[in-house]
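Heads up, target_14.txt below (compact mmCIF, N, CA and C atoms):
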# COMPACT_ATOMS: atom_id res chain seq x y z
N GLN A 113 -9.93 -6.28 -16.67
CA GLN A 113 -8.79 -5.44 -16.34
C GLN A 113 -8.96 -4.90 -14.92
N LEU A 114 -7.95 -5.15 -14.11
CA LEU A 114 -7.99 -4.68 -12.73
C LEU A 114 -7.69 -3.19 -12.68
N GLN A 115 -8.51 -2.48 -11.94
CA GLN A 115 -8.28 -1.06 -11.70
C GLN A 115 -8.27 -0.81 -10.21
N LEU A 116 -7.35 0.04 -9.76
CA LEU A 116 -7.19 0.32 -8.34
C LEU A 116 -7.38 1.80 -8.08
N VAL A 117 -8.04 2.11 -6.98
CA VAL A 117 -8.25 3.50 -6.59
C VAL A 117 -7.93 3.64 -5.10
N GLU A 118 -7.00 4.53 -4.78
CA GLU A 118 -6.67 4.80 -3.39
C GLU A 118 -7.53 5.94 -2.86
N SER A 119 -7.77 5.90 -1.57
CA SER A 119 -8.48 6.99 -0.90
C SER A 119 -8.05 7.01 0.56
N GLY A 120 -8.41 8.08 1.24
CA GLY A 120 -8.14 8.17 2.67
C GLY A 120 -6.99 9.06 3.05
N GLY A 121 -6.28 9.59 2.08
CA GLY A 121 -5.18 10.48 2.40
C GLY A 121 -5.68 11.82 2.90
N GLY A 122 -4.73 12.65 3.36
CA GLY A 122 -5.10 13.96 3.83
C GLY A 122 -4.01 14.57 4.67
N LEU A 123 -4.38 15.63 5.36
CA LEU A 123 -3.46 16.34 6.25
C LEU A 123 -3.72 15.90 7.68
N VAL A 124 -2.67 15.52 8.37
CA VAL A 124 -2.81 15.06 9.75
C VAL A 124 -1.64 15.59 10.55
N GLN A 125 -1.86 15.82 11.82
CA GLN A 125 -0.80 16.29 12.70
C GLN A 125 0.11 15.14 13.10
N PRO A 126 1.35 15.42 13.44
CA PRO A 126 2.24 14.36 13.93
C PRO A 126 1.60 13.64 15.11
N GLY A 127 1.73 12.33 15.08
CA GLY A 127 1.10 11.50 16.10
C GLY A 127 -0.30 11.04 15.75
N GLY A 128 -0.85 11.59 14.69
CA GLY A 128 -2.19 11.21 14.28
C GLY A 128 -2.22 9.94 13.46
N SER A 129 -3.43 9.59 13.00
CA SER A 129 -3.63 8.35 12.25
C SER A 129 -4.42 8.61 10.98
N LEU A 130 -4.17 7.78 10.01
CA LEU A 130 -4.96 7.75 8.79
C LEU A 130 -5.12 6.30 8.37
N LYS A 131 -6.22 6.01 7.69
CA LYS A 131 -6.43 4.68 7.13
C LYS A 131 -6.66 4.83 5.64
N LEU A 132 -5.70 4.35 4.88
CA LEU A 132 -5.81 4.38 3.44
C LEU A 132 -6.56 3.16 2.94
N SER A 133 -7.32 3.35 1.88
CA SER A 133 -8.02 2.24 1.24
C SER A 133 -7.56 2.12 -0.21
N CYS A 134 -7.50 0.90 -0.66
CA CYS A 134 -7.19 0.60 -2.05
C CYS A 134 -8.33 -0.27 -2.56
N SER A 135 -9.19 0.32 -3.36
CA SER A 135 -10.38 -0.38 -3.84
C SER A 135 -10.19 -0.84 -5.27
N ALA A 136 -10.64 -2.07 -5.52
CA ALA A 136 -10.45 -2.66 -6.84
C ALA A 136 -11.76 -2.73 -7.61
N SER A 137 -11.66 -2.63 -8.89
CA SER A 137 -12.81 -2.86 -9.76
C SER A 137 -12.33 -3.65 -10.97
N GLY A 138 -13.26 -4.29 -11.61
CA GLY A 138 -12.91 -5.05 -12.79
C GLY A 138 -12.82 -6.54 -12.52
N VAL A 139 -12.03 -6.91 -11.49
CA VAL A 139 -11.89 -8.31 -11.12
C VAL A 139 -11.78 -8.38 -9.60
N THR A 140 -11.89 -9.59 -9.06
CA THR A 140 -11.73 -9.74 -7.62
C THR A 140 -10.24 -9.71 -7.27
N LEU A 141 -9.96 -9.46 -5.99
CA LEU A 141 -8.57 -9.38 -5.53
C LEU A 141 -8.04 -10.70 -4.98
N ASP A 142 -8.86 -11.75 -5.01
CA ASP A 142 -8.52 -12.99 -4.31
C ASP A 142 -7.13 -13.53 -4.65
N ASN A 143 -6.71 -13.41 -5.88
CA ASN A 143 -5.44 -14.00 -6.30
C ASN A 143 -4.35 -12.97 -6.53
N TYR A 144 -4.50 -11.82 -5.91
CA TYR A 144 -3.53 -10.74 -6.10
C TYR A 144 -2.83 -10.41 -4.79
N ALA A 145 -1.54 -10.19 -4.88
CA ALA A 145 -0.81 -9.56 -3.80
C ALA A 145 -0.89 -8.05 -4.00
N ILE A 146 -1.06 -7.34 -2.91
CA ILE A 146 -1.18 -5.89 -2.97
C ILE A 146 -0.03 -5.25 -2.20
N GLY A 147 0.66 -4.38 -2.86
CA GLY A 147 1.74 -3.65 -2.21
C GLY A 147 1.37 -2.18 -2.03
N TRP A 148 1.89 -1.60 -0.96
CA TRP A 148 1.76 -0.16 -0.76
C TRP A 148 3.15 0.46 -0.94
N PHE A 149 3.18 1.53 -1.71
CA PHE A 149 4.42 2.24 -1.99
C PHE A 149 4.20 3.72 -1.69
N ARG A 150 5.29 4.43 -1.52
CA ARG A 150 5.16 5.86 -1.33
C ARG A 150 6.32 6.57 -2.01
N GLN A 151 6.04 7.81 -2.38
CA GLN A 151 7.08 8.62 -3.00
C GLN A 151 6.97 10.03 -2.48
N ALA A 152 8.02 10.47 -1.84
CA ALA A 152 8.10 11.84 -1.34
C ALA A 152 8.79 12.72 -2.39
N PRO A 153 8.54 14.01 -2.36
CA PRO A 153 9.16 14.90 -3.34
C PRO A 153 10.68 14.78 -3.33
N GLY A 154 11.24 14.61 -4.50
CA GLY A 154 12.69 14.52 -4.63
C GLY A 154 13.29 13.21 -4.21
N ARG A 155 12.44 12.24 -3.89
CA ARG A 155 12.95 10.95 -3.46
C ARG A 155 12.42 9.85 -4.36
N GLU A 156 13.10 8.71 -4.33
CA GLU A 156 12.65 7.58 -5.12
C GLU A 156 11.46 6.91 -4.43
N ARG A 157 10.68 6.24 -5.23
CA ARG A 157 9.58 5.46 -4.69
C ARG A 157 10.13 4.33 -3.82
N GLU A 158 9.46 4.05 -2.71
CA GLU A 158 9.89 2.98 -1.84
C GLU A 158 8.72 2.10 -1.44
N GLY A 159 9.02 0.83 -1.30
CA GLY A 159 8.00 -0.10 -0.85
C GLY A 159 7.76 0.04 0.63
N VAL A 160 6.50 0.10 1.03
CA VAL A 160 6.12 0.29 2.43
C VAL A 160 5.64 -1.02 3.04
N SER A 161 4.64 -1.61 2.45
CA SER A 161 4.02 -2.81 3.01
C SER A 161 3.46 -3.65 1.88
N CYS A 162 3.16 -4.89 2.23
CA CYS A 162 2.55 -5.78 1.25
C CYS A 162 1.68 -6.79 1.97
N ILE A 163 0.62 -7.22 1.29
CA ILE A 163 -0.18 -8.32 1.80
C ILE A 163 -0.40 -9.30 0.67
N ALA A 164 -0.07 -10.55 0.92
CA ALA A 164 -0.23 -11.59 -0.09
C ALA A 164 -1.68 -12.03 -0.18
N SER A 165 -1.97 -12.82 -1.19
CA SER A 165 -3.36 -13.22 -1.44
C SER A 165 -3.96 -14.00 -0.28
N GLU A 166 -3.14 -14.79 0.41
CA GLU A 166 -3.67 -15.61 1.50
C GLU A 166 -3.66 -14.87 2.83
N GLY A 167 -3.17 -13.62 2.83
CA GLY A 167 -3.28 -12.78 4.02
C GLY A 167 -2.00 -12.48 4.75
N THR A 168 -0.92 -13.13 4.36
CA THR A 168 0.36 -12.81 5.00
C THR A 168 0.77 -11.38 4.68
N SER A 169 1.14 -10.64 5.70
CA SER A 169 1.49 -9.24 5.49
C SER A 169 2.88 -8.96 6.05
N LEU A 170 3.49 -7.94 5.52
CA LEU A 170 4.78 -7.52 6.05
C LEU A 170 5.03 -6.06 5.72
N ASN A 171 5.84 -5.46 6.56
CA ASN A 171 6.29 -4.09 6.34
C ASN A 171 7.75 -4.12 5.91
N TYR A 172 8.08 -3.35 4.88
CA TYR A 172 9.43 -3.36 4.37
C TYR A 172 10.33 -2.36 5.07
N LEU A 173 9.73 -1.30 5.56
CA LEU A 173 10.53 -0.24 6.15
C LEU A 173 10.59 -0.37 7.66
N ASP A 174 11.78 -0.33 8.21
CA ASP A 174 11.92 -0.37 9.66
C ASP A 174 11.21 0.81 10.30
N SER A 175 11.16 1.91 9.58
CA SER A 175 10.58 3.13 10.14
C SER A 175 9.07 3.03 10.34
N VAL A 176 8.41 2.08 9.68
CA VAL A 176 6.95 1.98 9.83
C VAL A 176 6.54 0.76 10.66
N LYS A 177 7.47 -0.10 10.96
CA LYS A 177 7.13 -1.29 11.75
C LYS A 177 6.61 -0.88 13.12
N GLY A 178 5.52 -1.49 13.50
CA GLY A 178 4.87 -1.13 14.75
C GLY A 178 3.90 0.03 14.62
N ARG A 179 3.91 0.69 13.47
CA ARG A 179 3.00 1.83 13.27
C ARG A 179 2.01 1.59 12.14
N PHE A 180 2.42 0.89 11.09
CA PHE A 180 1.58 0.65 9.92
C PHE A 180 1.13 -0.80 9.91
N THR A 181 -0.13 -1.01 9.54
CA THR A 181 -0.68 -2.35 9.42
C THR A 181 -1.47 -2.45 8.13
N VAL A 182 -1.18 -3.47 7.36
CA VAL A 182 -1.92 -3.69 6.11
C VAL A 182 -2.88 -4.86 6.31
N SER A 183 -4.07 -4.72 5.75
CA SER A 183 -5.09 -5.77 5.86
C SER A 183 -5.90 -5.79 4.57
N ARG A 184 -6.70 -6.82 4.41
CA ARG A 184 -7.50 -6.91 3.21
C ARG A 184 -8.87 -7.50 3.52
N ASP A 185 -9.84 -7.10 2.71
CA ASP A 185 -11.20 -7.63 2.77
C ASP A 185 -11.55 -7.98 1.33
N ASN A 186 -11.35 -9.23 0.98
CA ASN A 186 -11.57 -9.63 -0.41
C ASN A 186 -13.04 -9.49 -0.82
N ALA A 187 -13.95 -9.68 0.11
CA ALA A 187 -15.37 -9.54 -0.21
C ALA A 187 -15.69 -8.12 -0.65
N LYS A 188 -14.98 -7.16 -0.05
CA LYS A 188 -15.19 -5.76 -0.42
C LYS A 188 -14.20 -5.31 -1.49
N LYS A 189 -13.32 -6.21 -1.91
CA LYS A 189 -12.31 -5.90 -2.93
C LYS A 189 -11.49 -4.68 -2.51
N THR A 190 -11.11 -4.69 -1.25
CA THR A 190 -10.40 -3.53 -0.70
C THR A 190 -9.25 -3.98 0.19
N VAL A 191 -8.14 -3.26 0.08
CA VAL A 191 -6.99 -3.44 0.95
C VAL A 191 -6.78 -2.13 1.71
N TYR A 192 -6.39 -2.26 2.97
CA TYR A 192 -6.25 -1.10 3.82
C TYR A 192 -4.81 -0.95 4.31
N LEU A 193 -4.44 0.28 4.56
CA LEU A 193 -3.17 0.56 5.23
C LEU A 193 -3.49 1.48 6.40
N GLN A 194 -3.47 0.90 7.59
CA GLN A 194 -3.70 1.69 8.80
C GLN A 194 -2.37 2.28 9.24
N MET A 195 -2.33 3.57 9.35
CA MET A 195 -1.09 4.28 9.71
C MET A 195 -1.31 5.03 11.01
N ASN A 196 -0.57 4.65 12.01
CA ASN A 196 -0.68 5.28 13.33
C ASN A 196 0.60 6.01 13.68
N ASN A 197 0.49 6.91 14.65
CA ASN A 197 1.65 7.67 15.11
C ASN A 197 2.44 8.23 13.93
N LEU A 198 1.74 8.91 13.07
CA LEU A 198 2.37 9.43 11.86
C LEU A 198 3.41 10.49 12.17
N LYS A 199 4.43 10.51 11.34
CA LYS A 199 5.54 11.43 11.50
C LYS A 199 5.71 12.27 10.24
N PRO A 200 6.30 13.44 10.35
CA PRO A 200 6.48 14.27 9.15
C PRO A 200 7.20 13.54 8.02
N GLU A 201 8.09 12.64 8.35
CA GLU A 201 8.81 11.91 7.31
C GLU A 201 7.94 10.88 6.59
N ASP A 202 6.72 10.68 7.05
CA ASP A 202 5.77 9.81 6.34
C ASP A 202 5.06 10.57 5.22
N THR A 203 5.28 11.85 5.13
CA THR A 203 4.65 12.64 4.09
C THR A 203 5.09 12.17 2.71
N ALA A 204 4.11 11.85 1.88
CA ALA A 204 4.40 11.31 0.55
C ALA A 204 3.08 11.06 -0.17
N VAL A 205 3.18 10.77 -1.45
CA VAL A 205 2.05 10.21 -2.18
C VAL A 205 2.13 8.69 -2.01
N TYR A 206 1.02 8.12 -1.59
CA TYR A 206 0.95 6.68 -1.34
C TYR A 206 0.19 6.01 -2.47
N TYR A 207 0.78 4.92 -2.96
CA TYR A 207 0.19 4.17 -4.05
C TYR A 207 -0.04 2.73 -3.62
N CYS A 208 -1.10 2.13 -4.15
CA CYS A 208 -1.24 0.69 -4.04
C CYS A 208 -1.02 0.09 -5.42
N ALA A 209 -0.55 -1.14 -5.41
CA ALA A 209 -0.25 -1.83 -6.65
C ALA A 209 -0.55 -3.31 -6.49
N ALA A 210 -0.79 -3.99 -7.58
CA ALA A 210 -1.20 -5.40 -7.53
C ALA A 210 -0.45 -6.24 -8.55
N HIS A 211 -0.23 -7.49 -8.19
CA HIS A 211 0.25 -8.48 -9.15
C HIS A 211 -0.35 -9.82 -8.79
N ASN A 212 -0.41 -10.74 -9.77
CA ASN A 212 -0.95 -12.07 -9.48
C ASN A 212 0.02 -13.19 -9.88
N ARG A 213 1.30 -12.89 -9.88
CA ARG A 213 2.29 -13.96 -10.09
C ARG A 213 2.20 -14.95 -8.93
N PHE A 214 2.30 -16.23 -9.24
CA PHE A 214 2.23 -17.28 -8.21
C PHE A 214 0.95 -17.14 -7.39
N VAL A 215 -0.14 -16.79 -8.07
CA VAL A 215 -1.47 -16.63 -7.46
C VAL A 215 -1.42 -15.62 -6.31
N GLY A 216 -0.52 -14.66 -6.41
CA GLY A 216 -0.45 -13.61 -5.41
C GLY A 216 0.16 -14.03 -4.09
N TYR A 217 0.83 -15.17 -4.04
CA TYR A 217 1.40 -15.66 -2.78
C TYR A 217 2.69 -14.94 -2.39
N VAL A 218 3.28 -14.23 -3.33
CA VAL A 218 4.60 -13.63 -3.09
C VAL A 218 4.47 -12.13 -3.02
N CYS A 219 5.11 -11.56 -2.03
CA CYS A 219 5.21 -10.11 -1.92
C CYS A 219 6.58 -9.65 -2.42
N TYR A 220 6.59 -8.54 -3.11
CA TYR A 220 7.84 -7.96 -3.60
C TYR A 220 7.96 -6.53 -3.08
N ASP A 221 9.16 -6.13 -2.76
CA ASP A 221 9.33 -4.76 -2.31
C ASP A 221 9.66 -3.82 -3.47
N SER A 222 9.87 -4.39 -4.64
CA SER A 222 10.15 -3.55 -5.81
C SER A 222 8.88 -3.34 -6.61
N GLY A 223 8.61 -2.10 -6.92
CA GLY A 223 7.43 -1.80 -7.72
C GLY A 223 7.49 -2.36 -9.12
N ASN A 224 8.67 -2.73 -9.57
CA ASN A 224 8.81 -3.28 -10.92
C ASN A 224 8.08 -4.60 -11.09
N ASN A 225 7.74 -5.25 -9.99
CA ASN A 225 7.08 -6.55 -10.05
C ASN A 225 5.56 -6.44 -9.99
N TYR A 226 5.05 -5.24 -9.97
CA TYR A 226 3.61 -5.04 -9.89
C TYR A 226 3.09 -4.52 -11.22
N ASP A 227 1.93 -5.00 -11.60
CA ASP A 227 1.40 -4.73 -12.93
C ASP A 227 0.29 -3.69 -12.96
N TYR A 228 -0.36 -3.49 -11.85
CA TYR A 228 -1.51 -2.57 -11.80
C TYR A 228 -1.28 -1.58 -10.68
N TRP A 229 -1.56 -0.32 -10.97
CA TRP A 229 -1.29 0.76 -10.02
C TRP A 229 -2.49 1.68 -9.90
N GLY A 230 -2.66 2.20 -8.70
CA GLY A 230 -3.64 3.26 -8.51
C GLY A 230 -3.02 4.61 -8.82
N GLN A 231 -3.80 5.65 -8.67
CA GLN A 231 -3.35 6.99 -9.04
C GLN A 231 -2.62 7.68 -7.89
N GLY A 232 -2.73 7.14 -6.70
CA GLY A 232 -2.05 7.70 -5.55
C GLY A 232 -2.94 8.61 -4.72
N THR A 233 -2.60 8.70 -3.44
CA THR A 233 -3.30 9.60 -2.53
C THR A 233 -2.25 10.30 -1.67
N GLN A 234 -2.42 11.60 -1.49
CA GLN A 234 -1.44 12.40 -0.77
C GLN A 234 -1.64 12.28 0.73
N VAL A 235 -0.55 12.02 1.43
CA VAL A 235 -0.54 12.03 2.89
C VAL A 235 0.45 13.10 3.32
N THR A 236 -0.04 14.04 4.10
CA THR A 236 0.81 15.12 4.61
C THR A 236 0.73 15.14 6.12
N VAL A 237 1.88 15.02 6.76
CA VAL A 237 1.95 15.03 8.22
C VAL A 237 2.67 16.31 8.63
N SER A 238 1.91 17.19 9.22
CA SER A 238 2.46 18.49 9.57
C SER A 238 1.65 19.14 10.66
N SER A 239 2.33 19.91 11.49
CA SER A 239 1.62 20.65 12.53
C SER A 239 1.27 22.05 12.04
For the file at hand, write its structure as structure tokens.
Amino acid sequence: QLQLVESGGGLVQPGGSLKLSCSASGVTLDNYAIGWFRQAPGREREGVSCIASEGTSLNYLDSVKGRFTVSRDNAKKTVYLQMNNLKPEDTAVYYCAAHNRFVGYVCYDSGNNYDYWGQGTQVTVSS
């Protein structure tokens, strides 16, 4: 059974950076696509980024393009979300999620397509 744990969240000033980690236990991540999602208070969950099993990555939100980068290290069973030039509107609980449909080759922006979820990590951007 795949289990995911996020870490790296915290309080950062606007313009700062954070690197979130999504660490897996139970099985390897080689055949899983990993998505990053976030949910701000009073708002629906939204897909932020995804990285497929073979390494293809994409950002779903125009607001994070050029600022967020997702990467993976299968040997460490960890996926990262590097967030630069953070803005107050990035404040949210960030979740990672995994699925292995089509050997993880496909990224989905809907959380409904992911089967395993972490508990989330809070990111607060404020001066």
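Using only N, CA and C atoms for every distance, the candidate list A:Thr236, A:Ala209, A:Ala204, A:Gly167 yields A:Ala209 as the residue closest to Gly223 in chain A.
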Item checked: Residues within 6.5 Å of range 174-183 of chain A, only N, CA and C atoms, excluding chain neighbours under 6 positions, as a count of residues only -> 10
Next item on the list: Take the point (5.0, -13.7, 0.9) as written in the file and pick out every residue within 6.5 Å of it, counting only N, CA and C atoms; give the list as a list in words.
Entry: Ala164, Thr168, Tyr217, Val218 and Cys219 of chain A
Out of chain A, which residues get helix (DSSP H, G or I) from DSSP, as an mmCIF file with N, CA and C atoms, keeping the file's coordinate frame?
data_model
loop_
_atom_site.group_PDB
_atom_site.id
_atom_site.type_symbol
_atom_site.label_atom_id
_atom_site.label_comp_id
_atom_site.auth_asym_id
_atom_site.auth_seq_id
_atom_site.Cartn_x
_atom_site.Cartn_y
_atom_site.Cartn_z
ATOM 1 N N ASN A 186 -11.350 -9.230 0.980
ATOM 2 C CA ASN A 186 -11.570 -9.630 -0.410
ATOM 3 C C ASN A 186 -13.040 -9.490 -0.820
ATOM 4 N N ALA A 187 -13.950 -9.680 0.110
ATOM 5 C CA ALA A 187 -15.370 -9.540 -0.210
ATOM 6 C C ALA A 187 -15.690 -8.120 -0.650
ATOM 7 N N LYS A 188 -14.980 -7.160 -0.050
ATOM 8 C CA LYS A 188 -15.190 -5.760 -0.420
ATOM 9 C C LYS A 188 -14.200 -5.310 -1.490
ATOM 10 N N PRO A 200 6.300 13.440 10.350
ATOM 11 C CA PRO A 200 6.480 14.270 9.150
ATOM 12 C C PRO A 200 7.200 13.540 8.020
ATOM 13 N N GLU A 201 8.090 12.640 8.350
ATOM 14 C CA GLU A 201 8.810 11.910 7.310
ATOM 15 C C GLU A 201 7.940 10.880 6.590
ATOM 16 N N ASP A 202 6.720 10.680 7.050
ATOM 17 C CA ASP A 202 5.770 9.810 6.340
ATOM 18 C C ASP A 202 5.060 10.570 5.220
ATOM 19 N N ARG A 213 1.300 -12.890 -9.880
ATOM 20 C CA ARG A 213 2.290 -13.960 -10.090
ATOM 21 C C ARG A 213 2.200 -14.950 -8.930
ATOM 22 N N PHE A 214 2.300 -16.230 -9.240
ATOM 23 C CA PHE A 214 2.230 -17.280 -8.210
ATOM 24 C C PHE A 214 0.950 -17.140 -7.390
ATOM 25 N N VAL A 215 -0.140 -16.790 -8.070
ATOM 26 C CA VAL A 215 -1.470 -16.630 -7.460
ATOM 27 C C VAL A 215 -1.420 -15.620 -6.310
ATOM 28 N N GLY A 216 -0.520 -14.660 -6.410
ATOM 29 C CA GLY A 216 -0.450 -13.610 -5.410
ATOM 30 C C GLY A 216 0.160 -14.030 -4.090
ATOM 31 N N GLY A 223 8.610 -2.100 -6.920
ATOM 32 C CA GLY A 223 7.430 -1.800 -7.720
ATOM 33 C C GLY A 223 7.490 -2.360 -9.120
ATOM 34 N N ASN A 224 8.670 -2.730 -9.570
ATOM 35 C CA ASN A 224 8.810 -3.280 -10.920
ATOM 36 C C ASN A 224 8.080 -4.600 -11.090
ATOM 37 N N ASN A 225 7.740 -5.250 -9.990
ATOM 38 C CA ASN A 225 7.080 -6.550 -10.050
ATOM 39 C C ASN A 225 5.560 -6.440 -9.990
#
Item checked: Residue contacts of Thr140 in chain A (12 Å, only C-alpha atoms) excluding same-chain residues fewer than 4 positions away, as an MDAnalysis selection string -> chainID A and resid 113:116 135:136 144:145 165 184:191 210 212
Next item on the list: For Thr203 in chain A, please output as number ranges by chain all residues within 8 Å (counting only C-alpha atoms; exclusion window: fewer than 3 positions along the same chain).
Entry: A: 152, 199-200, 234-237
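Rounded to one decimal, CA of Ser239 in chain A and atom N of Val117 in chain A lie 28.6 Å from each other.
Considering the residues A:Asn224, A:Asn143, A:Ser133, A:Ser169 and counting only C-alpha atoms, Arg157 in chain A has its shortest atom-to-atom contact with A:Asn224.
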Note to self: Under the rule that only N, CA and C atoms are counted, which of A:Val160, A:Phe149, A:Asn171, A:Leu123 is the nearest residue to Val205 in chain A?
What the structure shows: A:Phe149
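Note that atom C of Ser238 in chain A and CA of Ser129 in chain A are 12.1 Å apart.
Atom C of Glu156 in chain A is found 16.1 Å from CA of Gly230 in chain A.
Ranking A:Gly147, A:Asn225, A:Gly232, A:Leu198 by their shortest atom-to-atom distance to Gln125 in chain A, with all atoms listed in the file included, puts A:Leu198 first.
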Box in all listed atoms of range 178-188 of chain A, axis-aligned, with 8 Å more on each side; write out centre and edge lengths in Å to one decimal as lines of an AutoDock Vina configuration file.
center_x = -5.1
center_y = -3.9
center_z = 6.6
size_x = 37.2
size_y = 27.5
size_z = 32.2
Next item on the list: Taking the DSSP assignment computed from this structure's backbone, write out as a VMD selection string all residues of range 117-213 of chain A that belong to strand (DSSP E).
Entry: chain A and resid 117 to 119 122 to 124 130 to 137 145 to 151 158 to 163 169 to 171 180 to 185 190 to 195 204 to 211
Can you give me all heavy atoms for range 170-177 of chain A, written as a short mmCIF file (atom, residue, chain, number, x, y, z; two decimals), keeping the file's coordinate frame?
data_model
loop_
_atom_site.label_atom_id
_atom_site.label_comp_id
_atom_site.auth_asym_id
_atom_site.auth_seq_id
_atom_site.Cartn_x
_atom_site.Cartn_y
_atom_site.Cartn_z
N LEU A 170 3.49 -7.94 5.52
CA LEU A 170 4.78 -7.52 6.05
C LEU A 170 5.03 -6.06 5.72
O LEU A 170 4.45 -5.52 4.78
CB LEU A 170 5.92 -8.38 5.49
CG LEU A 170 6.27 -8.28 4.02
CD1 LEU A 170 7.68 -8.83 3.79
CD2 LEU A 170 5.30 -9.06 3.15
N ASN A 171 5.84 -5.46 6.56
CA ASN A 171 6.29 -4.09 6.34
C ASN A 171 7.75 -4.12 5.91
O ASN A 171 8.57 -4.81 6.51
CB ASN A 171 6.16 -3.25 7.61
CG ASN A 171 4.72 -2.99 7.99
OD1 ASN A 171 3.88 -2.75 7.12
ND2 ASN A 171 4.42 -3.01 9.27
N TYR A 172 8.08 -3.35 4.88
CA TYR A 172 9.43 -3.36 4.37
C TYR A 172 10.33 -2.36 5.07
O TYR A 172 11.53 -2.54 5.15
CB TYR A 172 9.42 -3.06 2.86
CG TYR A 172 8.76 -4.15 2.06
CD1 TYR A 172 7.63 -3.87 1.30
CD2 TYR A 172 9.27 -5.43 2.04
CE1 TYR A 172 7.02 -4.86 0.55
CE2 TYR A 172 8.67 -6.43 1.29
CZ TYR A 172 7.54 -6.13 0.55
OH TYR A 172 6.94 -7.11 -0.20
N LEU A 173 9.73 -1.30 5.56
CA LEU A 173 10.53 -0.24 6.15
C LEU A 173 10.59 -0.37 7.66
O LEU A 173 9.55 -0.47 8.32
CB LEU A 173 9.93 1.13 5.79
CG LEU A 173 9.85 1.48 4.31
CD1 LEU A 173 9.13 2.80 4.14
CD2 LEU A 173 11.23 1.53 3.70
N ASP A 174 11.78 -0.33 8.21
CA ASP A 174 11.92 -0.37 9.66
C ASP A 174 11.21 0.81 10.30
O ASP A 174 10.69 0.69 11.41
CB ASP A 174 13.40 -0.35 10.05
CG ASP A 174 14.10 -1.67 9.74
OD1 ASP A 174 13.40 -2.69 9.60
OD2 ASP A 174 15.34 -1.65 9.63
N SER A 175 11.16 1.91 9.58
CA SER A 175 10.58 3.13 10.14
C SER A 175 9.07 3.03 10.34
O SER A 175 8.50 3.83 11.09
CB SER A 175 10.90 4.33 9.25
OG SER A 175 10.32 4.16 7.96
N VAL A 176 8.41 2.08 9.68
CA VAL A 176 6.95 1.98 9.83
C VAL A 176 6.54 0.76 10.66
O VAL A 176 5.36 0.62 10.99
CB VAL A 176 6.23 1.94 8.47
CG1 VAL A 176 6.67 3.12 7.60
CG2 VAL A 176 6.45 0.62 7.75
N LYS A 177 7.47 -0.10 10.96
CA LYS A 177 7.13 -1.29 11.75
C LYS A 177 6.61 -0.88 13.12
O LYS A 177 7.18 -0.02 13.78
CB LYS A 177 8.35 -2.20 11.87
CG LYS A 177 8.73 -2.86 10.54
CD LYS A 177 9.97 -3.72 10.65
CE LYS A 177 10.30 -4.34 9.29
NZ LYS A 177 11.54 -5.14 9.32
#
